[in-house]
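K.L.:
Structure file model11.txt (compact mmCIF, C-alpha atoms and all ligand atoms) right here:
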```txt
# COMPACT_ATOMS: atom_id res chain seq x y z
CA MET A 1 -8.05 -16.79 -20.61
CA THR A 2 -11.15 -14.72 -20.94
CA SER A 3 -10.86 -11.23 -22.28
CA GLY A 4 -14.41 -9.95 -22.25
CA HIS A 5 -15.36 -6.89 -24.19
CA HIS A 6 -13.64 -4.39 -21.95
CA GLN A 7 -10.13 -3.15 -22.25
CA GLY A 8 -8.02 -3.96 -19.21
CA GLY A 9 -6.44 -1.34 -17.02
CA LEU A 10 -4.60 -0.81 -13.77
CA GLU A 11 -5.73 1.53 -11.01
CA VAL A 12 -3.55 2.09 -7.96
CA VAL A 13 -4.79 3.69 -4.76
CA VAL A 14 -2.04 4.69 -2.33
CA GLY A 15 -1.48 6.86 0.73
CA SER A 16 -0.42 6.67 4.35
CA MET A 17 -2.20 4.61 6.95
CA PHE A 18 -5.65 6.00 7.80
CA SER A 19 -5.95 7.71 4.39
CA GLY A 20 -8.95 5.60 3.36
CA LYS A 21 -7.29 3.31 0.79
CA SER A 22 -9.22 0.18 1.74
CA GLU A 23 -12.42 2.23 1.87
CA GLU A 24 -11.78 3.41 -1.69
CA LEU A 25 -10.98 -0.12 -2.88
CA ILE A 26 -14.21 -1.37 -1.31
CA ARG A 27 -16.15 1.47 -2.96
CA ARG A 28 -14.80 0.61 -6.41
CA VAL A 29 -15.37 -3.14 -6.19
CA ARG A 30 -18.91 -2.58 -4.86
CA ARG A 31 -19.66 -0.43 -7.89
CA ALA A 32 -18.27 -3.16 -10.14
CA VAL A 33 -20.61 -5.66 -8.47
CA ILE A 34 -23.55 -3.33 -9.07
CA ALA A 35 -22.46 -3.20 -12.72
CA ARG A 36 -22.68 -7.03 -12.70
CA ARG A 37 -19.01 -7.60 -13.17
CA THR A 38 -17.51 -10.68 -11.59
CA VAL A 39 -15.13 -9.45 -8.89
CA GLN A 40 -12.41 -11.17 -6.90
CA VAL A 41 -10.40 -9.44 -4.16
CA PHE A 42 -7.13 -10.74 -2.77
CA LYS A 43 -4.93 -9.74 0.14
CA PRO A 44 -1.63 -11.04 1.50
CA ALA A 45 -2.11 -13.73 4.14
CA ILE A 46 0.47 -12.06 6.39
CA ASP A 47 -1.93 -9.24 7.08
CA ASP A 48 -4.11 -10.72 9.81
CA ARG A 49 -5.00 -7.50 11.57
CA PHE A 50 -8.67 -7.91 10.83
CA GLY A 51 -9.21 -11.63 10.46
CA ILE A 52 -8.77 -13.58 7.30
CA GLU A 53 -11.58 -13.28 4.85
CA LEU A 54 -12.32 -9.57 4.61
CA VAL A 55 -10.90 -6.31 3.41
CA ARG A 56 -11.85 -3.91 6.14
CA SER A 57 -11.51 -0.16 6.19
CA HIS A 58 -10.72 1.66 9.42
CA ASP A 59 -14.36 2.73 9.37
CA GLY A 60 -15.42 -0.90 9.63
CA ASP A 61 -16.64 -1.30 6.05
CA THR A 62 -15.89 -4.75 4.63
CA PHE A 63 -15.67 -6.76 1.42
CA VAL A 64 -14.83 -10.44 1.10
CA ALA A 65 -11.17 -11.01 0.23
CA ARG A 66 -9.17 -14.13 -0.39
CA PRO A 67 -5.91 -14.28 1.57
CA VAL A 68 -2.99 -15.56 -0.53
CA ARG A 69 0.56 -16.48 0.41
CA SER A 70 2.11 -15.34 -2.86
CA SER A 71 1.26 -13.38 -5.97
CA ALA A 72 1.31 -16.60 -8.04
CA GLU A 73 -1.61 -17.83 -5.96
CA ILE A 74 -3.74 -15.03 -7.38
CA LEU A 75 -3.44 -16.52 -10.87
CA ALA A 76 -4.07 -20.03 -9.51
CA LEU A 77 -7.27 -18.94 -7.75
CA LEU A 78 -8.60 -16.70 -10.49
CA SER A 79 -11.96 -17.60 -12.01
CA PRO A 80 -12.14 -17.35 -15.81
CA GLU A 81 -15.23 -15.14 -15.62
CA THR A 82 -13.61 -12.59 -13.28
CA SER A 83 -13.26 -9.22 -14.97
CA VAL A 84 -12.38 -7.04 -11.97
CA VAL A 85 -9.54 -7.95 -9.60
CA GLY A 86 -8.89 -6.08 -6.34
CA VAL A 87 -5.64 -6.40 -4.41
CA ASP A 88 -5.42 -4.90 -0.93
CA GLU A 89 -2.20 -4.26 1.04
CA VAL A 90 -0.31 -4.72 -2.21
CA GLN A 91 2.92 -3.43 -0.66
CA PHE A 92 3.37 -6.74 1.17
CA PHE A 93 3.45 -8.85 -2.00
CA ASP A 94 6.57 -10.33 -3.53
CA PRO A 95 8.08 -8.55 -6.58
CA ALA A 96 6.36 -11.05 -8.91
CA ILE A 97 3.06 -9.24 -8.23
CA VAL A 98 4.08 -6.78 -10.96
CA GLY A 99 4.11 -9.51 -13.63
CA VAL A 100 0.86 -10.98 -12.29
CA VAL A 101 -0.89 -7.61 -12.52
CA ARG A 102 0.44 -7.02 -16.03
CA ASP A 103 -0.86 -10.43 -17.13
CA LEU A 104 -4.29 -9.73 -15.64
CA VAL A 105 -4.49 -6.39 -17.43
CA ALA A 106 -3.20 -7.86 -20.70
CA ASP A 107 -6.07 -10.36 -20.50
CA GLY A 108 -8.52 -7.47 -20.48
CA ARG A 109 -9.18 -7.27 -16.77
CA ARG A 110 -9.56 -4.20 -14.62
CA VAL A 111 -7.13 -4.43 -11.70
CA ILE A 112 -7.41 -2.19 -8.64
CA CYS A 113 -4.46 -2.25 -6.23
CA ALA A 114 -4.50 -0.48 -2.86
CA GLY A 115 -1.59 -0.10 -0.48
CA LEU A 116 1.02 2.00 1.25
CA ASP A 117 3.28 3.92 -1.14
CA LEU A 118 5.82 4.61 1.62
CA ASP A 119 7.05 2.51 4.53
CA PHE A 120 7.39 3.92 8.06
CA ARG A 121 10.80 5.34 7.14
CA GLY A 122 9.30 7.30 4.28
CA GLU A 123 10.92 5.06 1.63
CA PRO A 124 9.04 3.66 -1.40
CA PHE A 125 7.41 0.39 -0.38
CA GLY A 126 8.19 -2.86 -2.21
CA PRO A 127 6.47 -3.30 -5.60
CA VAL A 128 4.27 -0.20 -5.23
CA PRO A 129 6.50 2.32 -7.07
CA THR A 130 6.57 0.07 -10.14
CA LEU A 131 2.81 -0.46 -10.04
CA LEU A 132 2.31 3.31 -9.79
CA ALA A 133 4.40 3.79 -12.92
CA LEU A 134 2.45 1.17 -14.86
CA ALA A 135 -1.01 2.34 -13.81
CA GLU A 136 -3.53 4.09 -16.03
CA ARG A 137 -4.94 5.79 -12.98
CA VAL A 138 -3.28 6.74 -9.70
CA ASP A 139 -4.99 8.15 -6.64
CA LYS A 140 -2.84 9.32 -3.78
CA LEU A 141 -5.06 9.74 -0.74
CA GLU A 142 -4.18 11.88 2.25
CA ALA A 143 -4.94 11.40 5.93
CA ILE A 144 -4.84 14.12 8.58
CA CYS A 145 -1.60 14.71 10.49
CA VAL A 146 -2.29 13.92 14.15
CA VAL A 147 0.33 16.48 15.22
CA CYS A 148 -0.52 19.62 13.22
CA GLY A 149 -3.78 18.90 11.38
CA GLU A 150 -2.35 19.36 7.87
CA SER A 151 -2.71 16.72 5.15
CA ALA A 152 -0.74 13.62 6.04
CA THR A 153 1.26 11.65 3.46
CA ARG A 154 3.49 9.66 5.81
CA THR A 155 3.03 6.85 8.34
CA GLN A 156 4.72 7.47 11.69
CA ARG A 157 5.79 4.36 13.53
CA ILE A 158 5.97 4.62 17.31
CA VAL A 159 7.78 1.96 19.35
CA ASN A 160 7.43 2.08 23.13
CA GLY A 161 6.16 5.64 22.94
CA VAL A 162 8.93 7.16 20.81
CA PRO A 163 9.46 7.44 17.02
CA ALA A 164 10.94 4.26 15.56
CA TYR A 165 14.52 4.44 14.34
CA TYR A 166 15.26 4.16 10.64
CA ASP A 167 16.94 0.79 11.10
CA ASP A 168 14.53 -0.65 13.66
CA PRO A 169 13.52 -4.19 12.74
CA ILE A 170 10.07 -4.50 11.18
CA ILE A 171 8.95 -6.49 14.20
CA VAL A 172 10.20 -5.60 17.67
CA ILE A 173 9.37 -8.48 19.98
CA GLY A 174 7.47 -7.43 23.08
CA ALA A 175 7.34 -3.76 22.10
CA GLN A 176 4.27 -1.55 22.25
CA GLU A 177 3.78 -0.39 18.68
CA ALA A 178 1.53 2.21 17.17
CA TYR A 179 1.15 3.97 13.84
CA GLU A 180 0.03 7.52 13.17
CA ALA A 181 -0.67 9.56 10.06
CA ARG A 182 1.68 12.55 9.80
CA CYS A 183 2.67 15.22 7.30
CA ARG A 184 6.19 15.42 5.86
CA THR A 185 7.22 18.01 8.47
CA CYS A 186 5.95 16.12 11.53
CA HIS A 187 7.16 12.71 10.30
CA VAL A 188 10.21 11.80 12.39
CA VAL A 189 12.67 9.02 11.57
CA PRO A 190 15.72 9.30 13.83
CA ARG A 191 18.90 7.53 12.87
CA ARG A 192 21.16 6.02 15.50
CA ALA A 193 24.48 7.79 15.87
CA ARG A 194 27.23 5.41 14.83
CA SER A 195 30.54 5.45 16.62
CA GLY A 196 33.13 7.03 14.33
CA SER A 197 30.56 8.53 11.98
CA ALA A 198 28.29 11.51 12.04
CA ALA A 199 25.13 9.62 11.10
CA THR A 200 22.15 11.43 12.55
CA SER A 201 18.61 12.12 11.57
CA GLU A 202 19.95 14.87 9.33
CA THR A 203 22.01 12.47 7.23
CA ALA A 204 19.69 12.29 4.30
CA SER A 205 19.66 9.44 1.85
CA PRO A 206 20.78 10.37 -1.71
CA GLU A 207 17.27 10.23 -3.14
CA ARG A 208 16.03 12.55 -0.45
CA VAL A 209 18.75 15.08 -1.29
CA SER A 210 17.82 15.04 -4.95
CA SER A 211 14.09 15.27 -4.31
CA ALA A 212 14.68 18.33 -2.16
CA GLU A 213 16.10 20.16 -5.16
CA PRO A 214 13.58 20.13 -7.97
CA ARG A 215 15.26 20.65 -11.32
CA ASP A 216 12.40 22.33 -13.05
ZN ZN A 301 2.04 17.69 10.65
```
Written as structure tokens, that's how I'd like the structure from this file.

P.N.:
Amino acid sequence: MTSGHHQGGLEVVVGSMFSGKSEELIRRVRRAVIARRTVQVFKPAIDDRFGIELVRSHDGDTFVARPVRSSAEILALLSPETSVVGVDEVQFFDPAIVGVVRDLVADGRRVICAGLDLDFRGEPFGPVPTLLALAERVDKLEAICVVCGESATRTQRIVNGVPAYYDDPIIVIGAQEAYEARCRTCHVVPRRARSGSAATSETASPERVSSAEPRD
């Protein structure tokens, strides 16, 4: 594979929905084009919110992107002369995306991944935590909380007008769904009370307990 004269590196842009991740990805790949780098952008084919061939920010800015069904397809479709690779909605990729990204960087390419760091429950999303750890550069963008106006780091899922439950299926057939940017305080993820147990929204997961008590 080509290596070019530039050292490879991984950049990861994360944040909640409406934090401007796709906008930032588009900005970086546009600059690479101006610098006469050969750029390819990929996105998971399951994300069809905005049609198939574009990365589109919520502001309506676009850049051509190739939809792929798997991370392996990125390697199959890669042109030898490509030196900058963008990956949008990276949270939806299979775990093998981590190896694919490492290979691209090892070959001297600049890789820019954008995606959600947390799912609607506030839990780390798919391969993103690993990519964040491996990255040379991480940018965590913030949106504005629609409830209180503070910086938003979480994505609130609303199903039929009320906050989605922790264990709600990813797709609720026939439901009216919406997503909002919210801060940690205004982000609500109720848990269903189980018969015979005291599971409520206050029953924190172990990692949440530990993160609430910083050691240093
Ligand atoms: Zn808030």

K.L.:
Using all atoms listed in the file, which residue out of A:Gln156, A:Ser151, A:Thr82, A:Gln176 lies closest to ligand ZN 301 (chain A)?

P.N.:
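Using all atoms listed in the file, the shortest distance to ligand ZN 301 (chain A) belongs to A:Ser151.
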
K.L.:
Check the smallest atom-to-atom distance from each of A:Glu89, A:Glu150, A:Asp168, A:Asp117 to ligand ZN 301 (chain A) using only C-alpha atoms and all ligand atoms, then report the winner.

P.N.:
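Of the candidates, the smallest distance to ligand ZN 301 (chain A) is held by A:Glu150.
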
K.L.:
Identify, on the basis of all atoms listed in the file, every residue whose closest approach to Val14 of chain A does not exceed 8 Å; exclude the query and any residue fewer than 4 positions from it along the same chain; express the result as an mmCIF file with C-alpha atoms, in the coordinates of the input.

P.N.:
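out37.cif was written with the following content:
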```
data_model
loop_
_atom_site.group_PDB
_atom_site.id
_atom_site.type_symbol
_atom_site.label_atom_id
_atom_site.label_comp_id
_atom_site.auth_asym_id
_atom_site.auth_seq_id
_atom_site.Cartn_x
_atom_site.Cartn_y
_atom_site.Cartn_z
ATOM 1 C CA LYS A 21 -7.290 3.310 0.790
ATOM 2 C CA ALA A 114 -4.500 -0.480 -2.860
ATOM 3 C CA GLY A 115 -1.590 -0.100 -0.480
ATOM 4 C CA LEU A 116 1.020 2.000 1.250
ATOM 5 C CA ASP A 117 3.280 3.920 -1.140
ATOM 6 C CA VAL A 138 -3.280 6.740 -9.700
ATOM 7 C CA ASP A 139 -4.990 8.150 -6.640
ATOM 8 C CA LYS A 140 -2.840 9.320 -3.780
ATOM 9 C CA LEU A 141 -5.060 9.740 -0.740
#
```

K.L.:
Which residues sit within 8 Å of ligand ZN 301 (chain A), counting all atoms listed in the file, listed as a list in words?

P.N.:
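Here is the list of contacting residues: Cys145, Val146, Val147, Cys148, Gly149, Glu150, Ser151, Ala152, Arg182, Cys183, Arg184, Thr185, Cys186 and His187 of chain A.
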
K.L.:
Using all atoms listed in the file, determine which residues lie at most 12 Å from Ala175 of chain A, disregarding the query and same-chain residues fewer than 3 positions distant; provide the list as a ChimeraX atom specification.

P.N.:
/A:157-162,164,168-172,178

K.L.:
Go through A:Ile26, A:Ala106, A:Arg37, A:Lys43 and flag the residue nearest Asp61 of chain A, using all atoms listed in the file for the distances.

P.N.:
A:Ile26

K.L.:
Measuring atom to atom with all atoms listed in the file, identify which of A:Ala181, A:Tyr166, A:Val13, A:Gly8 is nearest to Leu132 of chain A.

P.N.:
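Distance minimum relative to Leu132 of chain A lands on A:Val13.
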
K.L.:
Find the distance between atom CA of Phe120 of chain A and atom CA of Tyr165 of chain A and write it in Å to one decimal.

P.N.:
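Atom-to-atom, atom CA of Phe120 of chain A and atom CA of Tyr165 of chain A are spaced 9.5 Å apart.
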
K.L.:
Kindly give the distance, in Å, that separates atom CA of Leu10 of chain A and atom CA of Val128 of chain A, rounded to a single decimal.

P.N.:
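Those two atoms sit 12.3 Å apart.
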